[in-house]
Amino acid sequence: MAHHSSPPPRICPACDGFASVAVTLGGRDHRGHLRTITAHCPACDGLGVTRTRTRPDREGARA
C-alpha cells in the first residue's frame, strides 16, 4: 500500500515561518510589565507561509 505524503509547507522566505514577534520597547510600565509591541512580517502579512496567486480558469479560451 502506497503512503501518500502531503506536500511540504510553503514557508515564507522573508521570515522563515516566524511571522509575528513581540519586541520589547526597553522599559516597564507602572505595574512592572514589559512594554512590548507585536511586529508582523510584511511579506506574508503575519501568516508565515507564502501566498500563491490563483488564476481564474479560462474555459473556452482555446477550442
# chains A, B, ... in the order shown; residues from 1 in each chain; ligands from 1

call {"tool": "residues_around", "arguments": {"residues": "A:Val23", "least_positions_apart": "2", "cutoff": "12 Å", "atoms": "only C-alpha atoms", "output": "list in words"}}
result
Ser20, Val21, Leu25, Gly26, Gly27, Leu34, Arg35, Thr36, Ile37, Thr38, Ala39 and His40 of chain A

call {"tool": "write_last_selection", "arguments": {"atoms": "all heavy atoms", "output": "short mmCIF file (atom, residue, chain, number, x, y, z; two decimals), in the first residue's frame"}}
result
data_model
loop_
_atom_site.label_atom_id
_atom_site.label_comp_id
_atom_site.auth_asym_id
_atom_site.auth_seq_id
_atom_site.Cartn_x
_atom_site.Cartn_y
_atom_site.Cartn_z
N SER A 20 5.19 36.50 13.31
CA SER A 20 4.85 37.52 14.30
C SER A 20 5.82 37.41 15.48
O SER A 20 6.08 36.33 15.97
CB SER A 20 3.43 37.33 14.82
OG SER A 20 2.52 37.48 13.76
N VAL A 21 6.33 38.55 15.89
CA VAL A 21 7.24 38.58 17.02
C VAL A 21 6.83 39.68 17.98
O VAL A 21 6.19 40.65 17.60
CB VAL A 21 8.70 38.81 16.58
CG1 VAL A 21 9.21 37.66 15.73
CG2 VAL A 21 8.85 40.11 15.83
N LEU A 25 10.16 47.24 24.22
CA LEU A 25 10.49 48.64 23.99
C LEU A 25 11.55 49.15 24.95
O LEU A 25 11.91 50.32 24.91
CB LEU A 25 9.22 49.50 24.11
CG LEU A 25 8.14 49.17 23.08
CD1 LEU A 25 6.90 49.99 23.35
CD2 LEU A 25 8.66 49.44 21.68
N GLY A 26 12.04 48.30 25.83
CA GLY A 26 13.16 48.67 26.68
C GLY A 26 12.79 49.19 28.05
O GLY A 26 13.64 49.65 28.78
N GLY A 27 11.56 49.12 28.42
CA GLY A 27 11.19 49.62 29.74
C GLY A 27 10.02 48.85 30.31
O GLY A 27 9.52 47.92 29.70
N LEU A 34 6.69 44.30 31.09
CA LEU A 34 7.49 44.77 29.97
C LEU A 34 6.57 45.38 28.92
O LEU A 34 5.53 44.84 28.59
CB LEU A 34 8.27 43.61 29.33
CG LEU A 34 9.52 43.14 30.04
CD1 LEU A 34 10.07 41.90 29.34
CD2 LEU A 34 10.56 44.22 30.06
N ARG A 35 6.99 46.51 28.38
CA ARG A 35 6.24 47.13 27.29
C ARG A 35 6.68 46.47 26.00
O ARG A 35 7.87 46.47 25.66
CB ARG A 35 6.49 48.63 27.25
CG ARG A 35 5.93 49.35 28.45
CD ARG A 35 6.11 50.82 28.35
NE ARG A 35 7.55 51.14 28.26
CZ ARG A 35 8.05 52.28 27.84
NH1 ARG A 35 7.24 53.24 27.48
NH2 ARG A 35 9.34 52.48 27.81
N THR A 36 5.74 45.89 25.25
CA THR A 36 6.06 45.20 24.01
C THR A 36 5.11 45.66 22.90
O THR A 36 4.02 46.15 23.16
CB THR A 36 5.93 43.66 24.15
OG1 THR A 36 4.59 43.35 24.51
CG2 THR A 36 6.88 43.11 25.18
N ILE A 37 5.56 45.48 21.69
CA ILE A 37 4.71 45.66 20.52
C ILE A 37 4.81 44.38 19.69
O ILE A 37 5.78 43.63 19.80
CB ILE A 37 5.13 46.88 19.68
CG1 ILE A 37 6.58 46.75 19.20
CG2 ILE A 37 4.92 48.17 20.43
CD1 ILE A 37 6.97 47.80 18.19
N THR A 38 3.81 44.12 18.88
CA THR A 38 3.82 42.97 18.00
C THR A 38 4.15 43.43 16.59
O THR A 38 3.55 44.36 16.08
CB THR A 38 2.45 42.26 18.00
OG1 THR A 38 2.13 41.92 19.35
CG2 THR A 38 2.47 41.01 17.16
N ALA A 39 5.12 42.78 15.98
CA ALA A 39 5.53 43.10 14.61
C ALA A 39 5.23 41.90 13.72
O ALA A 39 5.51 40.76 14.08
CB ALA A 39 7.01 43.44 14.57
N HIS A 40 4.62 42.17 12.58
CA HIS A 40 4.28 41.13 11.61
C HIS A 40 5.18 41.24 10.39
O HIS A 40 5.58 42.34 10.00
CB HIS A 40 2.82 41.24 11.18
CG HIS A 40 1.86 41.08 12.30
ND1 HIS A 40 1.64 39.90 12.93
CD2 HIS A 40 1.05 41.98 12.91
CE1 HIS A 40 0.74 40.07 13.88
NE2 HIS A 40 0.37 41.33 13.88
#

call {"tool": "residues_around", "arguments": {"residues": "A:Ala19", "least_positions_apart": "5", "cutoff": "12 Å", "atoms": "only C-alpha atoms", "output": "PDB file with C-alpha atoms, in the first residue's frame"}}
result
ATOM      1  CA  ILE A  11       7.352  28.695   4.442  1.00  0.00           C
ATOM      2  CA  CYS A  12       7.856  32.408   3.877  1.00  0.00           C
ATOM      3  CA  PRO A  13      11.462  33.062   2.781  1.00  0.00           C
ATOM      4  CA  ALA A  14      11.488  36.501   4.406  1.00  0.00           C
ATOM      5  CA  THR A  38       3.823  42.965  18.002  1.00  0.00           C
ATOM      6  CA  ALA A  39       5.525  43.101  14.614  1.00  0.00           C
ATOM      7  CA  HIS A  40       4.281  41.128  11.615  1.00  0.00           C
ATOM      8  CA  CYS A  41       6.271  40.075   8.569  1.00  0.00           C
ATOM      9  CA  PRO A  42       5.401  42.449   5.705  1.00  0.00           C
ATOM     10  CA  ALA A  43       5.971  39.782   3.041  1.00  0.00           C
ATOM     11  CA  CYS A  44       3.398  37.277   4.337  1.00  0.00           C
ATOM     12  CA  ASP A  45       1.209  39.596   6.473  1.00  0.00           C
ATOM     13  CA  GLY A  46       1.923  37.592   9.607  1.00  0.00           C
ATOM     14  CA  LEU A  47       0.842  34.217   8.204  1.00  0.00           C
ATOM     15  CA  GLY A  48       4.250  32.538   7.957  1.00  0.00           C
ATOM     16  CA  VAL A  49       3.543  30.970   4.571  1.00  0.00           C
ATOM     17  CA  THR A  50       3.924  32.278   1.071  1.00  0.00           C
TER      18      THR A  50
END

call {"tool": "decode", "arguments": {"residues": "stretch 10-25 of chain A", "atoms": "N, CA, C and O atoms", "output": "mmCIF file, in the first residue's frame"}}
result
data_model
loop_
_atom_site.group_PDB
_atom_site.id
_atom_site.type_symbol
_atom_site.label_atom_id
_atom_site.label_comp_id
_atom_site.auth_asym_id
_atom_site.auth_seq_id
_atom_site.Cartn_x
_atom_site.Cartn_y
_atom_site.Cartn_z
ATOM 1 N N ARG A 10 4.693 25.776 2.475
ATOM 2 C CA ARG A 10 5.358 26.865 1.769
ATOM 3 C C ARG A 10 5.750 27.931 2.791
ATOM 4 O O ARG A 10 5.016 28.874 3.024
ATOM 5 N N ILE A 11 6.902 27.767 3.406
ATOM 6 C CA ILE A 11 7.352 28.695 4.442
ATOM 7 C C ILE A 11 7.844 29.978 3.788
ATOM 8 O O ILE A 11 8.537 29.956 2.782
ATOM 9 N N CYS A 12 7.478 31.090 4.385
ATOM 10 C CA CYS A 12 7.856 32.408 3.877
ATOM 11 C C CYS A 12 9.377 32.557 3.911
ATOM 12 O O CYS A 12 9.996 32.364 4.954
ATOM 13 N N PRO A 13 10.003 32.906 2.788
ATOM 14 C CA PRO A 13 11.462 33.062 2.781
ATOM 15 C C PRO A 13 11.938 34.306 3.522
ATOM 16 O O PRO A 13 13.087 34.369 3.941
ATOM 17 N N ALA A 14 11.073 35.271 3.733
ATOM 18 C CA ALA A 14 11.488 36.501 4.406
ATOM 19 C C ALA A 14 11.599 36.313 5.919
ATOM 20 O O ALA A 14 12.483 36.871 6.560
ATOM 21 N N CYS A 15 10.690 35.514 6.504
ATOM 22 C CA CYS A 15 10.691 35.373 7.963
ATOM 23 C C CYS A 15 10.953 33.944 8.429
ATOM 24 O O CYS A 15 10.970 33.688 9.629
ATOM 25 N N ASP A 16 11.129 33.006 7.517
ATOM 26 C CA ASP A 16 11.364 31.588 7.828
ATOM 27 C C ASP A 16 10.279 30.985 8.705
ATOM 28 O O ASP A 16 10.530 30.113 9.535
ATOM 29 N N GLY A 17 9.056 31.452 8.563
ATOM 30 C CA GLY A 17 7.930 30.898 9.309
ATOM 31 C C GLY A 17 7.646 31.577 10.632
ATOM 32 O O GLY A 17 6.624 31.320 11.247
ATOM 33 N N PHE A 18 8.530 32.435 11.092
ATOM 34 C CA PHE A 18 8.302 33.185 12.333
ATOM 35 C C PHE A 18 7.694 34.531 11.952
ATOM 36 O O PHE A 18 8.379 35.550 11.897
ATOM 37 N N ALA A 19 6.402 34.536 11.704
ATOM 38 C CA ALA A 19 5.746 35.682 11.086
ATOM 39 C C ALA A 19 5.418 36.805 12.061
ATOM 40 O O ALA A 19 5.353 37.958 11.673
ATOM 41 N N SER A 20 5.193 36.497 13.314
ATOM 42 C CA SER A 20 4.855 37.519 14.303
ATOM 43 C C SER A 20 5.818 37.412 15.478
ATOM 44 O O SER A 20 6.080 36.325 15.972
ATOM 45 N N VAL A 21 6.325 38.552 15.895
ATOM 46 C CA VAL A 21 7.239 38.582 17.021
ATOM 47 C C VAL A 21 6.828 39.679 17.984
ATOM 48 O O VAL A 21 6.189 40.651 17.601
ATOM 49 N N ALA A 22 7.178 39.509 19.244
ATOM 50 C CA ALA A 22 6.954 40.545 20.253
ATOM 51 C C ALA A 22 8.289 41.233 20.518
ATOM 52 O O ALA A 22 9.273 40.592 20.851
ATOM 53 N N VAL A 23 8.306 42.529 20.349
ATOM 54 C CA VAL A 23 9.531 43.306 20.510
ATOM 55 C C VAL A 23 9.389 44.156 21.764
ATOM 56 O O VAL A 23 8.406 44.878 21.926
ATOM 57 N N THR A 24 10.371 44.056 22.665
ATOM 58 C CA THR A 24 10.313 44.873 23.876
ATOM 59 C C THR A 24 10.772 46.287 23.551
ATOM 60 O O THR A 24 11.641 46.501 22.719
ATOM 61 N N LEU A 25 10.162 47.240 24.221
ATOM 62 C CA LEU A 25 10.486 48.644 23.990
ATOM 63 C C LEU A 25 11.550 49.154 24.948
ATOM 64 O O LEU A 25 11.906 50.320 24.908
#
